[in-house]
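Note: the block below is input-v2.pdb and it holds PDB, C-alpha atoms and all ligand atoms.
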```
ATOM      1  CA  MET A   1     292.680  57.415  20.055
ATOM      2  CA  ILE A   2     294.885  60.506  19.721
ATOM      3  CA  LEU A   3     293.131  63.792  18.897
ATOM      4  CA  ASP A   4     295.362  66.301  17.105
ATOM      5  CA  LEU A   5     294.165  69.673  18.347
ATOM      6  CA  ARG A   6     296.907  71.862  16.881
ATOM      7  CA  SER A   7     294.552  73.303  14.291
ATOM      8  CA  ASP A   8     291.255  72.833  12.457
ATOM      9  CA  THR A   9     293.426  72.465   9.340
ATOM     10  CA  VAL A  10     294.810  69.101  10.457
ATOM     11  CA  THR A  11     292.211  67.052   8.588
ATOM     12  CA  ARG A  12     292.062  64.267   5.996
ATOM     13  CA  PRO A  13     289.809  64.375   2.928
ATOM     14  CA  SER A  14     286.867  62.004   3.426
ATOM     15  CA  GLN A  15     286.152  59.108   1.061
ATOM     16  CA  VAL A  16     283.254  61.114  -0.430
ATOM     17  CA  MET A  17     285.579  64.067  -1.036
ATOM     18  CA  ARG A  18     288.241  61.892  -2.682
ATOM     19  CA  GLN A  19     285.581  60.276  -4.863
ATOM     20  CA  ARG A  20     284.138  63.616  -6.000
ATOM     21  CA  MET A  21     287.653  64.916  -6.711
ATOM     22  CA  SER A  22     288.446  61.943  -8.907
ATOM     23  CA  GLU A  23     285.212  62.388 -10.870
ATOM     24  CA  ALA A  24     285.380  66.194 -11.237
ATOM     25  CA  GLU A  25     284.721  67.693 -14.637
ATOM     26  CA  VAL A  26     287.753  69.875 -15.415
ATOM     27  CA  GLY A  27     289.193  72.295 -17.968
ATOM     28  CA  ASP A  28     292.041  74.802 -18.111
ATOM     29  CA  ASP A  29     291.047  77.515 -15.649
ATOM     30  CA  VAL A  30     293.630  80.005 -16.934
ATOM     31  CA  PHE A  31     291.522  79.941 -20.128
ATOM     32  CA  GLY A  32     288.352  80.145 -17.988
ATOM     33  CA  ASP A  33     287.401  76.592 -19.016
ATOM     34  CA  ASP A  34     287.020  74.731 -15.727
ATOM     35  CA  PRO A  35     283.311  74.192 -14.957
ATOM     36  CA  THR A  36     283.829  72.818 -11.446
ATOM     37  CA  ILE A  37     285.895  75.729 -10.162
ATOM     38  CA  LYS A  38     283.401  78.152 -11.730
ATOM     39  CA  LYS A  39     280.592  76.365  -9.902
ATOM     40  CA  LEU A  40     282.474  76.664  -6.603
ATOM     41  CA  GLU A  41     283.250  80.364  -7.148
ATOM     42  CA  ARG A  42     279.598  81.083  -8.017
ATOM     43  CA  LYS A  43     278.320  79.109  -5.068
ATOM     44  CA  VAL A  44     280.511  80.844  -2.476
ATOM     45  CA  ALA A  45     279.622  84.256  -3.939
ATOM     46  CA  GLU A  46     275.932  83.326  -3.714
ATOM     47  CA  ILE A  47     276.220  82.149  -0.079
ATOM     48  CA  LEU A  48     277.887  85.447   0.837
ATOM     49  CA  GLY A  49     275.520  87.594  -1.223
ATOM     50  CA  MET A  50     278.346  88.895  -3.422
ATOM     51  CA  GLU A  51     278.613  89.218  -7.207
ATOM     52  CA  ALA A  52     281.616  87.001  -7.949
ATOM     53  CA  GLY A  53     284.251  84.713  -6.466
ATOM     54  CA  LEU A  54     287.857  83.713  -7.092
ATOM     55  CA  PHE A  55     289.435  80.432  -5.993
ATOM     56  CA  VAL A  56     292.886  80.876  -4.444
ATOM     57  CA  PRO A  57     295.261  78.349  -2.885
ATOM     58  CA  SER A  58     295.265  79.878   0.593
ATOM     59  CA  GLY A  59     293.753  82.401   2.951
ATOM     60  CA  THR A  60     297.021  84.306   2.848
ATOM     61  CA  MET A  61     296.754  84.748  -0.917
ATOM     62  CA  GLY A  62     293.062  85.714  -0.714
ATOM     63  CA  ASN A  63     293.812  88.420   1.853
ATOM     64  CA  LEU A  64     296.864  89.622  -0.069
ATOM     65  CA  LEU A  65     294.853  89.929  -3.288
ATOM     66  CA  ALA A  66     292.126  91.822  -1.435
ATOM     67  CA  VAL A  67     294.587  94.340   0.014
ATOM     68  CA  MET A  68     296.481  94.733  -3.266
ATOM     69  CA  THR A  69     293.277  95.170  -5.277
ATOM     70  CA  HIS A  70     291.658  97.693  -2.924
ATOM     71  CA  CYS A  71     294.936  99.557  -2.349
ATOM     72  CA  CYS A  72     296.071  99.713  -5.973
ATOM     73  CA  SER A  73     297.298 103.328  -5.977
ATOM     74  CA  ARG A  74     300.842 103.945  -4.783
ATOM     75  CA  GLY A  75     300.980 105.484  -1.318
ATOM     76  CA  SER A  76     297.951 103.573  -0.043
ATOM     77  CA  GLU A  77     297.529 102.297   3.505
ATOM     78  CA  VAL A  78     295.271  99.758   5.174
ATOM     79  CA  ILE A  79     293.946 100.069   8.742
ATOM     80  CA  LEU A  80     293.639  96.807  10.652
ATOM     81  CA  GLY A  81     293.733  95.268  14.129
ATOM     82  CA  ASP A  82     297.111  94.886  15.829
ATOM     83  CA  LYS A  83     296.278  91.231  16.535
ATOM     84  CA  SER A  84     294.895  90.506  13.094
ATOM     85  CA  HIS A  85     296.185  87.583  11.077
ATOM     86  CA  ILE A  86     296.923  89.814   8.073
ATOM     87  CA  PHE A  87     299.094  92.092  10.210
ATOM     88  CA  LEU A  88     300.875  89.460  12.320
ATOM     89  CA  TYR A  89     301.009  86.242  10.382
ATOM     90  CA  GLU A  90     301.173  86.840   6.643
ATOM     91  CA  GLN A  91     304.766  88.070   6.403
ATOM     92  CA  GLY A  92     303.664  91.630   5.746
ATOM     93  CA  GLY A  93     302.800  90.509   2.199
ATOM     94  CA  TYR A  94     300.847  93.754   1.668
ATOM     95  CA  ALA A  95     304.187  95.631   1.955
ATOM     96  CA  GLN A  96     306.395  92.916   0.510
ATOM     97  CA  PHE A  97     304.416  92.494  -2.709
ATOM     98  CA  GLY A  98     301.917  95.350  -2.800
ATOM     99  CA  GLY A  99     303.889  98.356  -1.491
ATOM    100  CA  VAL A 100     300.991  99.043   0.901
ATOM    101  CA  SER A 101     301.613 100.501   4.360
ATOM    102  CA  THR A 102     299.565  99.908   7.522
ATOM    103  CA  LYS A 103     298.159 101.639  10.556
ATOM    104  CA  THR A 104     296.920  99.464  13.383
ATOM    105  CA  VAL A 105     294.132  99.829  15.910
ATOM    106  CA  GLU A 106     294.192  97.854  19.159
ATOM    107  CA  THR A 107     292.390  94.527  18.830
ATOM    108  CA  LEU A 108     290.216  94.269  21.958
ATOM    109  CA  PRO A 109     289.652  90.943  23.789
ATOM    110  CA  ASP A 110     286.349  90.400  21.934
ATOM    111  CA  GLY A 111     287.987  90.870  18.506
ATOM    112  CA  THR A 112     286.522  94.347  17.952
ATOM    113  CA  PHE A 113     288.342  97.684  18.065
ATOM    114  CA  SER A 114     287.399 101.171  19.168
ATOM    115  CA  LEU A 115     285.669 103.182  16.450
ATOM    116  CA  LYS A 116     287.047 106.324  18.024
ATOM    117  CA  GLU A 117     290.548 104.981  17.609
ATOM    118  CA  LEU A 118     289.704 103.975  14.034
ATOM    119  CA  VAL A 119     288.611 107.535  13.195
ATOM    120  CA  SER A 120     291.802 108.904  14.746
ATOM    121  CA  LYS A 121     293.816 106.736  12.337
ATOM    122  CA  PHE A 122     292.205 107.926   9.096
ATOM    123  CA  SER A 123     294.726 109.942   7.142
ATOM    124  CA  GLY A 124     293.838 113.498   6.296
ATOM    125  CA  SER A 125     294.387 115.075   2.922
ATOM    126  CA  LYS A 126     297.882 116.254   3.912
ATOM    127  CA  SER A 127     300.576 115.493   1.380
ATOM    128  CA  HIS A 128     302.637 114.072   4.273
ATOM    129  CA  CYS A 129     300.322 111.091   4.797
ATOM    130  CA  ALA A 130     299.685 107.828   3.029
ATOM    131  CA  THR A 131     296.116 107.572   1.737
ATOM    132  CA  THR A 132     293.806 105.390   3.836
ATOM    133  CA  SER A 133     292.287 103.046   1.262
ATOM    134  CA  LEU A 134     290.950 100.033   3.178
ATOM    135  CA  ILE A 135     289.753  98.803   6.571
ATOM    136  CA  CYS A 136     290.085  95.113   7.466
ATOM    137  CA  ILE A 137     288.166  93.153  10.074
ATOM    138  CA  GLU A 138     288.566  89.477  11.023
ATOM    139  CA  ASN A 139     285.659  87.165  11.830
ATOM    140  CA  THR A 140     286.204  84.953  13.745
ATOM    141  CA  SER A 141     289.123  86.750  15.347
ATOM    142  CA  ASN A 142     291.844  84.131  15.625
ATOM    143  CA  PHE A 143     294.419  85.590  18.026
ATOM    144  CA  VAL A 144     291.870  86.494  20.696
ATOM    145  CA  GLY A 145     290.624  82.914  20.902
ATOM    146  CA  GLY A 146     288.334  82.728  17.885
ATOM    147  CA  ARG A 147     285.870  85.412  18.993
ATOM    148  CA  VAL A 148     282.790  86.040  16.877
ATOM    149  CA  LEU A 149     282.376  89.734  16.011
ATOM    150  CA  PRO A 150     279.052  91.218  17.140
ATOM    151  CA  VAL A 151     276.956  92.089  14.100
ATOM    152  CA  GLU A 152     276.407  95.621  15.511
ATOM    153  CA  PHE A 153     280.168  96.163  15.436
ATOM    154  CA  ILE A 154     280.398  95.068  11.790
ATOM    155  CA  ASP A 155     277.514  97.401  10.888
ATOM    156  CA  SER A 156     279.172 100.336  12.688
ATOM    157  CA  VAL A 157     282.493  99.806  10.914
ATOM    158  CA  VAL A 158     280.704  99.635   7.547
ATOM    159  CA  GLU A 159     278.665 102.749   8.339
ATOM    160  CA  LEU A 160     281.781 104.669   9.304
ATOM    161  CA  ALA A 161     283.682 103.406   6.262
ATOM    162  CA  ASN A 162     280.822 104.542   4.014
ATOM    163  CA  THR A 163     281.093 108.098   5.308
ATOM    164  CA  ARG A 164     284.662 108.093   3.958
ATOM    165  CA  ASN A 165     283.983 106.033   0.841
ATOM    166  CA  LEU A 166     286.295 103.312   2.144
ATOM    167  CA  PRO A 167     285.904  99.603   1.401
ATOM    168  CA  VAL A 168     285.855  97.034   4.227
ATOM    169  CA  HIS A 169     287.503  93.652   3.681
ATOM    170  CA  VAL A 170     286.599  90.715   5.932
ATOM    171  CA  ASP A 171     289.212  88.078   6.676
ATOM    172  CA  GLY A 172     286.578  85.380   7.035
ATOM    173  CA  ALA A 173     288.883  82.361   7.270
ATOM    174  CA  ARG A 174     286.322  80.991   9.730
ATOM    175  CA  LEU A 175     283.289  83.075   8.775
ATOM    176  CA  PHE A 176     281.061  79.990   8.665
ATOM    177  CA  ASN A 177     281.931  79.239  12.298
ATOM    178  CA  ALA A 178     280.895  82.812  13.119
ATOM    179  CA  ALA A 179     277.617  82.288  11.249
ATOM    180  CA  VAL A 180     276.830  79.023  13.023
ATOM    181  CA  SER A 181     277.716  80.461  16.414
ATOM    182  CA  SER A 182     275.841  83.770  16.001
ATOM    183  CA  GLY A 183     272.829  82.350  14.176
ATOM    184  CA  PHE A 184     273.181  84.932  11.379
ATOM    185  CA  PRO A 185     273.520  83.792   7.754
ATOM    186  CA  PRO A 186     277.046  84.329   6.374
ATOM    187  CA  SER A 187     275.718  86.957   3.933
ATOM    188  CA  ARG A 188     274.487  89.066   6.883
ATOM    189  CA  LEU A 189     277.953  89.034   8.448
ATOM    190  CA  VAL A 190     279.463  90.656   5.343
ATOM    191  CA  LYS A 191     276.568  92.998   4.552
ATOM    192  CA  GLY A 192     277.901  96.279   3.163
ATOM    193  CA  CYS A 193     281.462  94.949   3.072
ATOM    194  CA  ALA A 194     283.356  95.161  -0.211
ATOM    195  CA  SER A 195     285.071  91.782  -0.050
ATOM    196  CA  CYS A 196     285.568  88.689   2.050
ATOM    197  CA  ASN A 197     287.920  85.737   1.964
ATOM    198  CA  ILE A 198     286.704  82.394   3.309
ATOM    199  CA  CYS A 199     288.770  79.240   3.812
ATOM    200  CA  LEU A 200     287.672  75.754   2.747
ATOM    201  CA  SER A 201     290.568  74.031   4.484
ATOM    202  CA  LYS A 202     289.761  75.217   8.016
ATOM    203  CA  GLY A 203     287.252  73.070   9.835
ATOM    204  CA  LEU A 204     285.593  72.076   6.556
ATOM    205  CA  GLY A 205     287.971  69.310   5.507
ATOM    206  CA  ALA A 206     289.216  70.469   2.085
ATOM    207  CA  PRO A 207     292.914  69.790   1.497
ATOM    208  CA  ILE A 208     293.484  73.263   0.056
ATOM    209  CA  GLY A 209     291.704  76.415  -0.959
ATOM    210  CA  SER A 210     290.014  79.688  -0.156
ATOM    211  CA  VAL A 211     287.556  81.822  -2.091
ATOM    212  CA  LEU A 212     287.743  85.608  -2.321
ATOM    213  CA  VAL A 213     284.410  87.278  -3.092
ATOM    214  CA  GLY A 214     283.353  90.786  -4.042
ATOM    215  CA  LYS A 215     282.021  92.791  -6.985
ATOM    216  CA  GLU A 216     282.601  91.549 -10.557
ATOM    217  CA  ASP A 217     285.193  94.208 -11.443
ATOM    218  CA  PHE A 218     287.049  93.746  -8.139
ATOM    219  CA  ILE A 219     287.275  89.989  -8.733
ATOM    220  CA  ALA A 220     288.386  90.519 -12.355
ATOM    221  CA  ARG A 221     291.248  92.700 -11.124
ATOM    222  CA  ALA A 222     292.136  90.241  -8.335
ATOM    223  CA  ARG A 223     292.178  87.431 -10.938
ATOM    224  CA  ARG A 224     294.813  89.312 -12.947
ATOM    225  CA  THR A 225     296.963  89.848  -9.836
ATOM    226  CA  ARG A 226     296.567  86.185  -8.843
ATOM    227  CA  LYS A 227     298.129  85.268 -12.215
ATOM    228  CA  ALA A 228     301.008  87.694 -11.648
ATOM    229  CA  LEU A 229     301.683  86.083  -8.258
ATOM    230  CA  GLY A 230     301.887  82.663  -9.902
ATOM    231  CA  GLY A 231     298.435  81.591  -8.772
ATOM    232  CA  GLY A 232     296.920  80.812 -12.180
ATOM    233  CA  MET A 233     295.854  77.157 -12.021
ATOM    234  CA  ARG A 234     294.973  74.706 -14.778
ATOM    235  CA  GLN A 235     292.702  71.660 -14.137
ATOM    236  CA  VAL A 236     291.849  73.057 -10.721
ATOM    237  CA  GLY A 237     288.338  71.583 -10.715
ATOM    238  CA  ILE A 238     289.901  68.619  -8.900
ATOM    239  CA  LEU A 239     290.324  70.992  -5.943
ATOM    240  CA  GLY A 240     287.035  72.731  -6.692
ATOM    241  CA  ALA A 241     285.219  69.428  -6.194
ATOM    242  CA  ALA A 242     286.805  69.121  -2.742
ATOM    243  CA  GLY A 243     285.699  72.699  -2.029
ATOM    244  CA  LEU A 244     282.100  71.897  -2.958
ATOM    245  CA  VAL A 245     282.077  68.986  -0.491
ATOM    246  CA  ALA A 246     283.642  71.307   2.123
ATOM    247  CA  LEU A 247     280.681  73.669   1.679
ATOM    248  CA  GLU A 248     278.340  70.771   2.463
ATOM    249  CA  ASN A 249     280.297  70.273   5.697
ATOM    250  CA  ILE A 250     279.194  73.711   6.954
ATOM    251  CA  GLN A 251     276.026  72.037   8.177
ATOM    252  CA  ARG A 252     278.133  69.908  10.536
ATOM    253  CA  LEU A 253     280.072  72.788  12.137
ATOM    254  CA  HIS A 254     277.610  72.894  15.041
ATOM    255  CA  GLU A 255     278.925  69.432  16.011
ATOM    256  CA  ASP A 256     282.470  70.879  16.271
ATOM    257  CA  HIS A 257     281.169  73.725  18.413
ATOM    258  CA  ALA A 258     279.346  71.317  20.747
ATOM    259  CA  ASN A 259     282.457  69.122  21.023
ATOM    260  CA  ALA A 260     284.696  72.142  21.686
ATOM    261  CA  LYS A 261     282.358  73.353  24.453
ATOM    262  CA  LYS A 262     282.278  69.890  26.032
ATOM    263  CA  PHE A 263     286.065  69.687  25.879
ATOM    264  CA  ALA A 264     286.428  73.166  27.446
ATOM    265  CA  GLU A 265     284.039  72.228  30.262
ATOM    266  CA  GLY A 266     285.986  69.021  30.885
ATOM    267  CA  LEU A 267     289.262  70.934  31.065
ATOM    268  CA  ARG A 268     287.718  73.568  33.356
ATOM    269  CA  ASN A 269     286.416  70.894  35.729
ATOM    270  CA  TYR A 270     289.732  69.074  35.668
ATOM    271  CA  CYS A 271     291.685  72.277  36.398
ATOM    272  CA  SER A 272     289.388  73.321  39.253
ATOM    273  CA  HIS A 273     290.080  70.056  41.178
TER     274      HIS A 273
HETATM  275  C1  LIG A 301     292.137  84.394  10.514
HETATM  276  C2  LIG A 301     293.035  83.791   9.482
HETATM  277  N1  LIG A 301     293.198  84.426   8.320
HETATM  278  C3  LIG A 301     293.991  83.919   7.361
HETATM  279  C4  LIG A 301     294.659  82.732   7.527
HETATM  280  C5  LIG A 301     295.580  82.255   6.441
HETATM  281  O1  LIG A 301     295.165  81.081   5.830
HETATM  282  P1  LIG A 301     296.204  80.115   5.084
HETATM  283  O2  LIG A 301     296.894  79.334   6.157
HETATM  284  O3  LIG A 301     295.310  79.267   4.230
HETATM  285  O4  LIG A 301     297.120  80.946   4.290
HETATM  286  C6  LIG A 301     294.506  82.024   8.731
HETATM  287  C7  LIG A 301     295.206  80.755   8.949
HETATM  288  O5  LIG A 301     295.085  80.115   9.954
HETATM  289  C8  LIG A 301     293.672  82.567   9.738
HETATM  290  O6  LIG A 301     293.503  81.962  10.909
END
```

What's the structure tokens form of this structure?
Amino acid sequence: MILDLRSDTVTRPSQVMRQRMSEAEVGDDVFGDDPTIKKLERKVAEILGMEAGLFVPSGTMGNLLAVMTHCCSRGSEVILGDKSHIFLYEQGGYAQFGGVSTKTVETLPDGTFSLKELVSKFSGSKSHCATTSLICIENTSNFVGGRVLPVEFIDSVVELANTRNLPVHVDGARLFNAAVSSGFPPSRLVKGCASCNICLSKGLGAPIGSVLVGKEDFIARARRTRKALGGGMRQVGILGAAGLVALENIQRLHEDHANAKKFAEGLRNYCSH
């Protein structure tokens, strides 16, 4: 048997998933008529303790919508880790499509960054500077080996952001892995954060899809921008049904973690001989 370990996205929809997709109740979601996608959006929002959700085709679009919605005034900037996916691997979409600029803080080997450095990056009220409008964190932190952010770090970032009235967005492409690994419920990992994007196609087996969550008015604004970016979808409940099965797969993530640990141990033993 060949195991394809390039990514947790290299999956095939299960028979159950295909079956549920074929039976999904659908409607035209641009008219707000698709019951299955609404169910998925509600369910993800509920799991994360947020008011509302928005289905998007990809993590990249979810993150882009979050940045564009939080940084909607011209001259806005986002502060994020220099090894974050949004900064390195999403084509600078925030600048390309949103006209948003960035300041980076050094991503440390555990996925965190220095709060002191963060404070030093906040723009003052000078007319010379872009206006700091958002802080992003990533959990798990992909480019440092999938590290799980300590909950104390998340709390400190939120606390600091609150003192400046700044929203915190979580790139939670693999937030459920972080929850399983840390033992905290997913809602605890985004407590006090303004928004989070989770992926259904990473480790959970859905062929496509992410869900952006946040407050009702934030999601309403993101929904409008999604349409402008060409992301309005019609009978999308077909994909929503796959997403609902993917959510059921969260309970099996601990098996992936156990397998990954076993594989790492095997490699370590092999390399030490
Ligand atoms: C941390 C992180 N954020 C966002 C994304 C983007 O997701 P997508 O490939 O669905 O656009 C990825 C993709 O691997 C990721 O690892």

Let me know the residues the PyMOL selection byres (((not hetatm)) within 6 of (chain A and resi 301)) catches in the file above, as a CSV table (one decimal) with C-alpha atoms, keeping the file's coordinate frame.
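Written out: result18.csv:
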```csv
chain,number,residue,atom,x,y,z
A,58,SER,CA,295.3,79.9,0.6
A,59,GLY,CA,293.8,82.4,3.0
A,60,THR,CA,297.0,84.3,2.8
A,85,HIS,CA,296.2,87.6,11.1
A,142,ASN,CA,291.8,84.1,15.6
A,171,ASP,CA,289.2,88.1,6.7
A,173,ALA,CA,288.9,82.4,7.3
```

Output of the PyMOL selection byres (((chain A and resi 183-194) around 8) and not hetatm), listed as a short mmCIF file (atom, residue, chain, number, x, y, z; two decimals) with C-alpha atoms, in the coordinates of the input:
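part-v3.cif, written as the output of this step:
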```cif
data_model
loop_
_atom_site.label_atom_id
_atom_site.label_comp_id
_atom_site.auth_asym_id
_atom_site.auth_seq_id
_atom_site.Cartn_x
_atom_site.Cartn_y
_atom_site.Cartn_z
CA ILE A 47 276.22 82.15 -0.08
CA LEU A 48 277.89 85.45 0.84
CA GLY A 49 275.52 87.59 -1.22
CA VAL A 151 276.96 92.09 14.10
CA ILE A 154 280.40 95.07 11.79
CA ASP A 155 277.51 97.40 10.89
CA VAL A 158 280.70 99.64 7.55
CA PRO A 167 285.90 99.60 1.40
CA VAL A 168 285.86 97.03 4.23
CA HIS A 169 287.50 93.65 3.68
CA VAL A 170 286.60 90.72 5.93
CA LEU A 175 283.29 83.08 8.78
CA PHE A 176 281.06 79.99 8.66
CA ALA A 178 280.90 82.81 13.12
CA ALA A 179 277.62 82.29 11.25
CA VAL A 180 276.83 79.02 13.02
CA SER A 181 277.72 80.46 16.41
CA SER A 182 275.84 83.77 16.00
CA SER A 195 285.07 91.78 -0.05
CA CYS A 196 285.57 88.69 2.05
CA GLY A 214 283.35 90.79 -4.04
CA LYS A 215 282.02 92.79 -6.98
#
```

**Asked** Please, which residues are within 9 Å of (286.1, 89.2, 12.7) by the file's coordinates, counting all atoms listed in the file, and could they come as a list in words?
**Response**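 With a cut-off of 9 Å, the residues come to Ser84, Gly111, Thr112, Cys136, Ile137, Glu138, Asn139, Thr140, Ser141, Asn142, Gly146, Arg147, Val148, Leu149, Pro150, Ile154, Val170, Asp171, Gly172, Arg174, Leu175 and Ala178 of chain A.
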
**Message:** Quick check, in Å to one decimal: how far apart do CA of Arg224 in chain A and CA of Gly62 in chain A lie?
**Reply:** 12.9 Å

Could you name the residues that touch Asp29 in chain A at 8 Å or less, counting all atoms listed in the file, but leaving out those on the same chain fewer than 4 positions away, as a PDB file with C-alpha atoms, keeping the file's coordinate frame?
```
ATOM      1  CA  ASP A  33     287.401  76.592 -19.016  1.00  0.00           C
ATOM      2  CA  ASP A  34     287.020  74.731 -15.727  1.00  0.00           C
ATOM      3  CA  ILE A  37     285.895  75.729 -10.162  1.00  0.00           C
ATOM      4  CA  GLY A 232     296.920  80.812 -12.180  1.00  0.00           C
ATOM      5  CA  MET A 233     295.854  77.157 -12.021  1.00  0.00           C
ATOM      6  CA  ARG A 234     294.973  74.706 -14.778  1.00  0.00           C
ATOM      7  CA  GLN A 235     292.702  71.660 -14.137  1.00  0.00           C
ATOM      8  CA  VAL A 236     291.849  73.057 -10.721  1.00  0.00           C
TER       9      VAL A 236
END
```

**Request:** For CA of Lys227 in chain A and CA of Met17 in chain A, quote the distance in Å rounded to one decimal.
**Result:** 27.1 Å

**Request:** Measuring atom to atom with all atoms listed in the file, identify which of A:Asn197, A:Gly81, A:Glu117, A:Gly92 is nearest to Thr104 in chain A.
**Result:**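 The answer is A:Gly81, which sits nearest to Thr104 in chain A.
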
**Prompt:** So which residues get picked by the PyMOL selection byres (((chain A and resi 70) around 12) and not hetatm) here, written as a PyMOL selection string?
**Reply:** chain A and resi 63-69+71-74+76-78+94+98+100+131-136+165-169+194-196+214-215+217-219+221-222+225

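Between CA of Pro207 in chain A and CA of Ala241 in chain A there is a distance of 10.9 Å.
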
**Request:** Please provide the set of residues having any atom within 8 Å of Asn249 in chain A, restricted to all atoms listed in the file, with same-chain residues fewer than 4 positions apart removed, written as a VMD selection string.
**Result:** chain A and resid 204 to 205 245 253

**Message:** I'd like the contact shell of Val105 in chain A - 7 Å cut-off, all atoms listed in the file, skipping same-chain residues fewer than 2 positions apart - returned as a count of residues only.
**Reply:** 8

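Each of A:Arg226, A:Ala246, A:Ser272, A:Ile79 was checked against Ser14 in chain A using all atoms listed in the file; the smallest atom-to-atom distance is that of A:Ala246.
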
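Minimum distance to Ser210 in chain A across A:Glu265, A:Glu106, A:Glu41, A:Glu248 (counting all atoms listed in the file) occurs at A:Glu41.
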
**Request:** Name the closest residue to Leu229 in chain A among the candidates A:Gly99, A:Leu40, A:Pro109, A:Met61; distances are taken between atoms, counting all atoms listed in the file.
**Result:**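 Once distances to Leu229 in chain A are computed over all atoms listed in the file, the minimum belongs to A:Met61.
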
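Proximity of A:Ala52, A:Leu115, A:Val144, A:Ala130 to Ser156 in chain A, computed with only C-alpha atoms, is greatest for A:Leu115.
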
**Message:** Neighbouring residues of Leu5 in chain A were defined as those with any atom within 12 Å, considering only C-alpha atoms; residues of the same chain fewer than 2 positions away were excluded. Please report them as a list in words.
**Reply:** Ile2, Leu3, Ser7, Asp8, Thr9, Val10, Thr11, Gly203, Asp256, Ala260 and Phe263 of chain A

Resulting file, chosen residues, C-alpha atoms, as a tab-separated table (two decimals), in the coordinates of the input:
```tsv
chain	number	residue	atom	x	y	z
A	2	ILE	CA	294.88	60.51	19.72
A	3	LEU	CA	293.13	63.79	18.90
A	7	SER	CA	294.55	73.30	14.29
A	8	ASP	CA	291.26	72.83	12.46
A	9	THR	CA	293.43	72.46	9.34
A	10	VAL	CA	294.81	69.10	10.46
A	11	THR	CA	292.21	67.05	8.59
A	203	GLY	CA	287.25	73.07	9.84
A	256	ASP	CA	282.47	70.88	16.27
A	260	ALA	CA	284.70	72.14	21.69
A	263	PHE	CA	286.06	69.69	25.88
```

Kindly compute an axis-aligned box around the listed atoms of range 55-65 of chain A, allowing 8 Å on each side, and express its centre and edge lengths in Å to one decimal as AutoDock Vina command-line options.
```
--center_x 293.2 --center_y 84.1 --center_z -1.5 --size_x 23.6 --size_y 27.6 --size_z 24.9
```

Would you mind completing range 230-241 of chain A so that it carries N, CA and C atoms, and writing it out as a PDB file, in the coordinates of the input?
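To be explicit, this is the file written out as result-v5.pdb:
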```pdb
ATOM      1  N   GLY A 230     301.638  84.081  -9.624  1.00  0.00           N
ATOM      2  CA  GLY A 230     301.887  82.663  -9.902  1.00  0.00           C
ATOM      3  C   GLY A 230     300.737  81.769  -9.467  1.00  0.00           C
ATOM      4  N   GLY A 231     299.575  82.373  -9.272  1.00  0.00           N
ATOM      5  CA  GLY A 231     298.435  81.591  -8.772  1.00  0.00           C
ATOM      6  C   GLY A 231     297.425  81.198  -9.832  1.00  0.00           C
ATOM      7  N   GLY A 232     297.811  81.312 -11.117  1.00  0.00           N
ATOM      8  CA  GLY A 232     296.920  80.812 -12.180  1.00  0.00           C
ATOM      9  C   GLY A 232     297.000  79.290 -12.161  1.00  0.00           C
ATOM     10  N   MET A 233     295.843  78.631 -12.134  1.00  0.00           N
ATOM     11  CA  MET A 233     295.854  77.157 -12.021  1.00  0.00           C
ATOM     12  C   MET A 233     295.157  76.548 -13.233  1.00  0.00           C
ATOM     13  N   ARG A 234     295.495  75.354 -13.557  1.00  0.00           N
ATOM     14  CA  ARG A 234     294.973  74.706 -14.778  1.00  0.00           C
ATOM     15  C   ARG A 234     293.744  73.840 -14.468  1.00  0.00           C
ATOM     16  N   GLN A 235     293.895  72.512 -14.347  1.00  0.00           N
ATOM     17  CA  GLN A 235     292.702  71.660 -14.137  1.00  0.00           C
ATOM     18  C   GLN A 235     292.328  71.673 -12.653  1.00  0.00           C
ATOM     19  N   VAL A 236     292.004  72.842 -12.163  1.00  0.00           N
ATOM     20  CA  VAL A 236     291.849  73.057 -10.721  1.00  0.00           C
ATOM     21  C   VAL A 236     290.483  72.586 -10.195  1.00  0.00           C
ATOM     22  N   GLY A 237     289.633  72.136 -11.133  1.00  0.00           N
ATOM     23  CA  GLY A 237     288.338  71.583 -10.715  1.00  0.00           C
ATOM     24  C   GLY A 237     288.480  70.406  -9.770  1.00  0.00           C
ATOM     25  N   ILE A 238     289.622  69.724  -9.838  1.00  0.00           N
ATOM     26  CA  ILE A 238     289.901  68.619  -8.900  1.00  0.00           C
ATOM     27  C   ILE A 238     289.798  69.161  -7.464  1.00  0.00           C
ATOM     28  N   LEU A 239     290.384  70.368  -7.273  1.00  0.00           N
ATOM     29  CA  LEU A 239     290.324  70.992  -5.943  1.00  0.00           C
ATOM     30  C   LEU A 239     288.958  71.642  -5.708  1.00  0.00           C
ATOM     31  N   GLY A 240     288.367  72.124  -6.792  1.00  0.00           N
ATOM     32  CA  GLY A 240     287.035  72.731  -6.692  1.00  0.00           C
ATOM     33  C   GLY A 240     286.011  71.721  -6.185  1.00  0.00           C
ATOM     34  N   ALA A 241     286.153  70.475  -6.630  1.00  0.00           N
ATOM     35  CA  ALA A 241     285.219  69.428  -6.194  1.00  0.00           C
ATOM     36  C   ALA A 241     285.349  69.213  -4.686  1.00  0.00           C
TER      37      ALA A 241
END
```
